[in-house]
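Source file my_file08.txt; content: compact mmCIF, C-alpha atoms.
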# COMPACT_ATOMS: atom_id res chain seq x y z
CA MET P 248 -16.51 -15.57 -7.98
CA ASN P 249 -13.52 -16.68 -5.91
CA SER P 250 -12.22 -13.67 -3.97
CA GLU P 251 -9.98 -12.63 -1.11
CA LYS P 252 -8.91 -9.28 0.31
CA ALA P 253 -5.38 -7.91 0.46
CA THR P 254 -4.62 -4.69 2.34
CA PHE P 255 -1.45 -2.64 1.91
CA ALA P 256 -0.33 0.69 3.36
CA GLY P 257 2.23 2.23 1.03
CA GLY P 258 2.18 5.91 1.85
CA CYS P 259 -0.19 8.09 -0.15
CA PHE P 260 -3.06 5.88 -1.26
CA TRP P 261 -3.41 7.81 -4.52
CA CYS P 262 -0.14 6.22 -5.62
CA MET P 263 -1.13 2.72 -4.59
CA VAL P 264 -4.22 2.19 -6.74
CA LYS P 265 -2.93 2.38 -10.32
CA PRO P 266 -0.20 -0.28 -9.96
CA PHE P 267 -2.80 -2.92 -9.03
CA ASP P 268 -5.83 -1.68 -10.95
CA SER P 269 -5.71 -3.24 -14.39
CA TYR P 270 -4.92 -6.93 -14.06
CA ASP P 271 -7.08 -9.97 -14.68
CA GLY P 272 -8.11 -11.40 -11.34
CA ILE P 273 -8.17 -8.05 -9.54
CA HIS P 274 -11.78 -7.06 -9.02
CA ALA P 275 -11.45 -3.82 -7.03
CA VAL P 276 -8.85 -1.50 -5.49
CA VAL P 277 -10.29 0.83 -2.83
CA SER P 278 -8.45 3.68 -1.09
CA GLY P 279 -9.09 3.93 2.62
CA TYR P 280 -7.89 3.90 6.19
CA THR P 281 -6.99 1.04 8.51
CA GLY P 282 -4.92 0.10 11.52
CA GLY P 283 -6.35 2.54 14.04
CA GLU P 284 -9.15 2.54 16.57
CA LEU P 285 -11.32 5.46 15.39
CA GLU P 286 -14.41 4.27 13.53
CA ASN P 287 -15.18 5.85 10.15
CA PRO P 288 -12.27 8.32 10.19
CA THR P 289 -12.08 11.20 7.75
CA TYR P 290 -9.07 12.19 5.67
CA GLU P 291 -8.60 15.26 7.85
CA GLN P 292 -8.58 13.13 11.02
CA VAL P 293 -6.13 10.57 9.61
CA CYS P 294 -3.78 13.34 8.42
CA THR P 295 -3.32 14.49 12.03
CA ASN P 296 -1.38 11.23 12.66
CA ALA P 297 -3.39 10.89 15.89
CA THR P 298 -5.91 8.19 14.87
CA GLY P 299 -3.53 5.24 14.52
CA HIS P 300 -4.82 4.74 10.97
CA LYS P 301 -2.66 4.50 7.88
CA GLU P 302 -3.65 5.41 4.34
CA ALA P 303 -4.07 2.07 2.61
CA VAL P 304 -5.58 0.24 -0.33
CA GLN P 305 -7.77 -2.81 -0.06
CA ILE P 306 -7.68 -5.10 -3.06
CA THR P 307 -10.36 -7.66 -3.84
CA PHE P 308 -8.77 -10.36 -5.98
CA ASP P 309 -9.17 -13.90 -7.25
CA PRO P 310 -6.17 -15.84 -5.91
CA SER P 311 -6.54 -18.51 -8.60
CA VAL P 312 -5.95 -15.85 -11.27
CA PHE P 313 -3.71 -13.36 -9.44
CA PRO P 314 -1.96 -15.00 -6.48
CA TYR P 315 -1.39 -13.16 -3.20
CA GLU P 316 2.37 -13.75 -3.56
CA GLN P 317 2.31 -11.68 -6.73
CA LEU P 318 0.40 -8.86 -5.02
CA VAL P 319 3.00 -8.76 -2.23
CA GLN P 320 5.85 -8.62 -4.77
CA MET P 321 4.12 -5.73 -6.56
CA PHE P 322 3.62 -3.96 -3.22
CA TRP P 323 7.36 -4.03 -2.41
CA MET P 324 8.07 -2.42 -5.80
CA GLN P 325 5.83 0.59 -5.02
CA ILE P 326 7.44 1.67 -1.73
CA ASP P 327 10.66 2.44 0.10
CA PRO P 328 10.47 -0.35 2.69
CA THR P 329 13.42 1.12 4.63
CA ASP P 330 11.73 4.43 5.56
CA PRO P 331 10.30 4.38 9.11
CA GLY P 332 8.86 7.91 8.96
CA GLY P 333 6.45 7.74 6.03
CA GLN P 334 6.90 7.57 2.28
CA PHE P 335 8.77 10.04 0.13
CA TYR P 336 7.23 13.53 0.49
CA ASP P 337 4.55 12.30 2.90
CA ARG P 338 5.69 12.10 6.52
CA GLY P 339 4.06 10.79 9.67
CA SER P 340 2.53 7.58 10.97
CA SER P 341 -0.45 7.74 8.59
CA TYR P 342 2.00 7.26 5.70
CA GLU P 343 4.04 4.40 7.18
CA THR P 344 4.14 1.14 5.23
CA ALA P 345 2.47 -2.07 6.31
CA ILE P 346 1.06 -5.31 5.01
CA PHE P 347 -2.22 -6.14 6.76
CA TYR P 348 -2.84 -9.88 6.55
CA HIS P 349 -6.32 -11.42 6.44
CA SER P 350 -5.29 -15.04 7.14
CA ASP P 351 -2.45 -17.13 8.52
CA THR P 352 -1.48 -17.98 4.96
CA GLN P 353 -1.22 -14.30 4.01
CA LYS P 354 0.84 -13.65 7.15
CA GLU P 355 3.24 -16.45 6.28
CA ILE P 356 3.59 -15.27 2.66
CA ALA P 357 4.18 -11.67 3.76
CA GLU P 358 6.80 -12.67 6.36
CA GLU P 359 8.63 -14.94 3.90
CA SER P 360 8.58 -12.21 1.27
CA LYS P 361 9.94 -9.62 3.72
CA LYS P 362 12.71 -11.98 4.76
CA ALA P 363 13.60 -12.68 1.12
CA LEU P 364 13.75 -8.93 0.42
CA GLU P 365 16.02 -8.41 3.45
CA LEU P 366 18.34 -11.22 2.31
CA SER P 367 18.41 -10.01 -1.30
CA GLY P 368 20.77 -7.14 -0.50
CA LYS P 369 18.67 -4.83 -2.67
CA PHE P 370 18.49 -2.28 0.16
CA SER P 371 21.39 -1.15 2.33
CA LYS P 372 19.13 -0.26 5.27
CA PRO P 373 16.83 -2.59 7.25
CA ILE P 374 13.33 -3.36 5.94
CA VAL P 375 10.96 -1.65 8.40
CA THR P 376 7.58 -2.34 6.79
CA SER P 377 5.23 -3.80 9.41
CA ILE P 378 3.24 -7.00 8.95
CA LEU P 379 0.05 -6.61 10.98
CA GLU P 380 -3.25 -8.40 11.43
CA ALA P 381 -5.98 -6.74 9.36
CA LYS P 382 -8.31 -4.43 11.24
CA PRO P 383 -11.52 -2.81 10.00
CA PHE P 384 -10.98 -0.99 6.71
CA TYR P 385 -12.82 2.27 6.08
CA PRO P 386 -13.12 3.43 2.48
CA ALA P 387 -11.84 6.96 1.94
CA GLU P 388 -14.01 9.77 0.69
CA GLN P 389 -15.23 9.42 -2.90
CA TYR P 390 -12.92 12.12 -4.28
CA HIS P 391 -9.92 9.95 -3.26
CA GLN P 392 -11.17 6.87 -5.15
CA ASP P 393 -9.47 6.25 -8.53
CA TYR P 394 -7.61 9.54 -8.13
CA TYR P 395 -5.20 8.71 -10.95
CA LYS P 396 -8.14 8.45 -13.38
CA LYS P 397 -9.96 11.57 -12.18
CA ASN P 398 -6.88 13.81 -11.96
CA PRO P 399 -4.24 12.27 -14.25
CA THR P 400 -2.09 15.38 -14.63
CA HIS P 401 -1.91 16.08 -10.89
CA TYR P 402 -1.35 12.37 -10.20
CA GLU P 403 1.65 12.22 -12.55
CA ARG P 404 3.13 15.45 -11.12
CA TYR P 405 2.70 14.06 -7.62
CA GLN P 406 4.37 10.73 -8.52
CA VAL P 407 7.42 12.62 -9.81
CA GLY P 408 7.43 15.51 -7.32
CA SER P 409 7.10 13.26 -4.26
CA GLY P 410 10.17 11.28 -5.32
CA ARG P 411 8.27 8.00 -5.68
CA ALA P 412 8.68 7.68 -9.46
CA GLY P 413 12.43 8.33 -9.32
CA PHE P 414 12.91 5.88 -6.46
CA LYS P 415 11.01 3.13 -8.29
CA GLN P 416 13.03 3.77 -11.44
CA LYS P 417 16.33 3.64 -9.53
CA MET P 418 15.49 0.52 -7.51
CA TRP P 419 13.42 -1.52 -9.96
CA GLY P 420 13.96 0.06 -13.38
CA GLU P 421 10.32 0.93 -13.96

Any chance you could give the structure as structure tokens?
Amino acid sequence: MNSEKATFAGGCFWCMVKPFDSYDGIHAVVSGYTGGELENPTYEQVCTNATGHKEAVQITFDPSVFPYEQLVQMFWMQIDPTDPGGQFYDRGSSYETAIFYHSDTQKEIAEESKKALELSGKFSKPIVTSILEAKPFYPAEQYHQDYYKKNPTHYERYQVGSGRAGFKQKMWGE
């Protein structure tokens, strides 16, 4: 099996699994924490915004079936890339957006994609999403994995109540 990793921080990780979860070429989408120094952080620790970690998803994918460029495009459509303080209802550094690259090629693709988004005029404010070298990724607690499948009613209410669903509809028509 040909596989690579892609890691994205897009605010609440519950909202970042479903968009990537059901495509050919995507083998796994895991909720977790990355970007900080604390080893094996817990949800409670990350929520303090004192660990340096962000909530993130790590995607294992086959680039010959589902190219990294396509993953990055999907990522932009899940977030408000102009918000420096978190995402929607969720505030603080643990909810800031970032693309964590695993290779020079991923870095180049992410940077080109960010530049294209900036030049598109789609957003009136600057794109503030960071592009950072991947650090160790720590899977979140089991109850956070596949949250949209385990708690579909709460997940849908959260998508709407947080403002994410409305923002995506306004910006991308989905």

Calculated over all atoms listed in the file, which of the candidates P:Ala297, P:Val304, P:Val407, P:Val264 has the smallest distance to Tyr385 in chain P?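 For Tyr385 in chain P, the nearest of the given residues is P:Val304.
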
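The nearest approach to Lys382 in chain P among the residues P:Asp268, P:Glu359, P:Glu316, P:Glu284, with all atoms listed in the file taken into account, belongs to P:Glu284.
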
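Distance check against Cys294 in chain P using only C-alpha atoms: of P:Tyr402, P:Trp419, P:Tyr342, P:Phe313, the minimum falls on P:Tyr342.
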
Show me, as a PyMOL selection string, the residues that have an atom within 12 Å of Ile374 in chain P when counting all atoms listed in the file, minus same-chain residues fewer than 6 positions from it. chain P and resi 323+326-331+344-345+358+360-368

Closest of P:Thr289, P:Asn296, P:Thr400, P:Asn249 to Asp337 in chain P - atom-to-atom distances counting all atoms listed in the file: P:Asn296

Neighbours of point (-1.0, -11.0, -3.6) within 12 Å, using all atoms listed in the file, written as a PyMOL selection string: chain P and resi 250-255+267+270+272-273+305-323+346-349+352-354+356-357+360

Just write the chosen residues, C-alpha atoms, as a PDB file, in the coordinates of the input.
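Heads up, here's the output in out.pdb:
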ATOM      1  CA  SER P 250     -12.220 -13.670  -3.970  1.00  0.00           C
ATOM      2  CA  GLU P 251      -9.980 -12.630  -1.110  1.00  0.00           C
ATOM      3  CA  LYS P 252      -8.910  -9.280   0.310  1.00  0.00           C
ATOM      4  CA  ALA P 253      -5.380  -7.910   0.460  1.00  0.00           C
ATOM      5  CA  THR P 254      -4.620  -4.690   2.340  1.00  0.00           C
ATOM      6  CA  PHE P 255      -1.450  -2.640   1.910  1.00  0.00           C
ATOM      7  CA  PHE P 267      -2.800  -2.920  -9.030  1.00  0.00           C
ATOM      8  CA  TYR P 270      -4.920  -6.930 -14.060  1.00  0.00           C
ATOM      9  CA  GLY P 272      -8.110 -11.400 -11.340  1.00  0.00           C
ATOM     10  CA  ILE P 273      -8.170  -8.050  -9.540  1.00  0.00           C
ATOM     11  CA  GLN P 305      -7.770  -2.810  -0.060  1.00  0.00           C
ATOM     12  CA  ILE P 306      -7.680  -5.100  -3.060  1.00  0.00           C
ATOM     13  CA  THR P 307     -10.360  -7.660  -3.840  1.00  0.00           C
ATOM     14  CA  PHE P 308      -8.770 -10.360  -5.980  1.00  0.00           C
ATOM     15  CA  ASP P 309      -9.170 -13.900  -7.250  1.00  0.00           C
ATOM     16  CA  PRO P 310      -6.170 -15.840  -5.910  1.00  0.00           C
ATOM     17  CA  SER P 311      -6.540 -18.510  -8.600  1.00  0.00           C
ATOM     18  CA  VAL P 312      -5.950 -15.850 -11.270  1.00  0.00           C
ATOM     19  CA  PHE P 313      -3.710 -13.360  -9.440  1.00  0.00           C
ATOM     20  CA  PRO P 314      -1.960 -15.000  -6.480  1.00  0.00           C
ATOM     21  CA  TYR P 315      -1.390 -13.160  -3.200  1.00  0.00           C
ATOM     22  CA  GLU P 316       2.370 -13.750  -3.560  1.00  0.00           C
ATOM     23  CA  GLN P 317       2.310 -11.680  -6.730  1.00  0.00           C
ATOM     24  CA  LEU P 318       0.400  -8.860  -5.020  1.00  0.00           C
ATOM     25  CA  VAL P 319       3.000  -8.760  -2.230  1.00  0.00           C
ATOM     26  CA  GLN P 320       5.850  -8.620  -4.770  1.00  0.00           C
ATOM     27  CA  MET P 321       4.120  -5.730  -6.560  1.00  0.00           C
ATOM     28  CA  PHE P 322       3.620  -3.960  -3.220  1.00  0.00           C
ATOM     29  CA  TRP P 323       7.360  -4.030  -2.410  1.00  0.00           C
ATOM     30  CA  ILE P 346       1.060  -5.310   5.010  1.00  0.00           C
ATOM     31  CA  PHE P 347      -2.220  -6.140   6.760  1.00  0.00           C
ATOM     32  CA  TYR P 348      -2.840  -9.880   6.550  1.00  0.00           C
ATOM     33  CA  HIS P 349      -6.320 -11.420   6.440  1.00  0.00           C
ATOM     34  CA  THR P 352      -1.480 -17.980   4.960  1.00  0.00           C
ATOM     35  CA  GLN P 353      -1.220 -14.300   4.010  1.00  0.00           C
ATOM     36  CA  LYS P 354       0.840 -13.650   7.150  1.00  0.00           C
ATOM     37  CA  ILE P 356       3.590 -15.270   2.660  1.00  0.00           C
ATOM     38  CA  ALA P 357       4.180 -11.670   3.760  1.00  0.00           C
ATOM     39  CA  SER P 360       8.580 -12.210   1.270  1.00  0.00           C
TER      40      SER P 360
END

Ranking P:Phe335, P:Phe370, P:Tyr405, P:Tyr290 by minimum distance to Gln389 in chain P and counting all atoms listed in the file, which one comes first?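 Ranking P:Phe335, P:Phe370, P:Tyr405, P:Tyr290 by distance to Gln389 in chain P, first place goes to P:Tyr290.
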
Would you mind telling me which residue in P:Ala381, P:Ala412, P:Val293, P:Ala256 lies nearest to Val277 in chain P when using all atoms listed in the file?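 Checking each of P:Ala381, P:Ala412, P:Val293, P:Ala256 against Val277 in chain P, counting all atoms listed in the file, the winner is P:Ala256.
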
Grab the CA of Tyr395 in chain P to CA of Ser278 in chain P distance for me, in Å with one decimal place.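 Result for CA of Tyr395 in chain P versus CA of Ser278 in chain P: 11.5 Å, one decimal.
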
If I take CA of Pro399 in chain P and CA of Gly332 in chain P, how far is one from the other in Å, to one decimal?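 Atom-to-atom, CA of Pro399 in chain P to CA of Gly332 in chain P, that is 27.0 Å.
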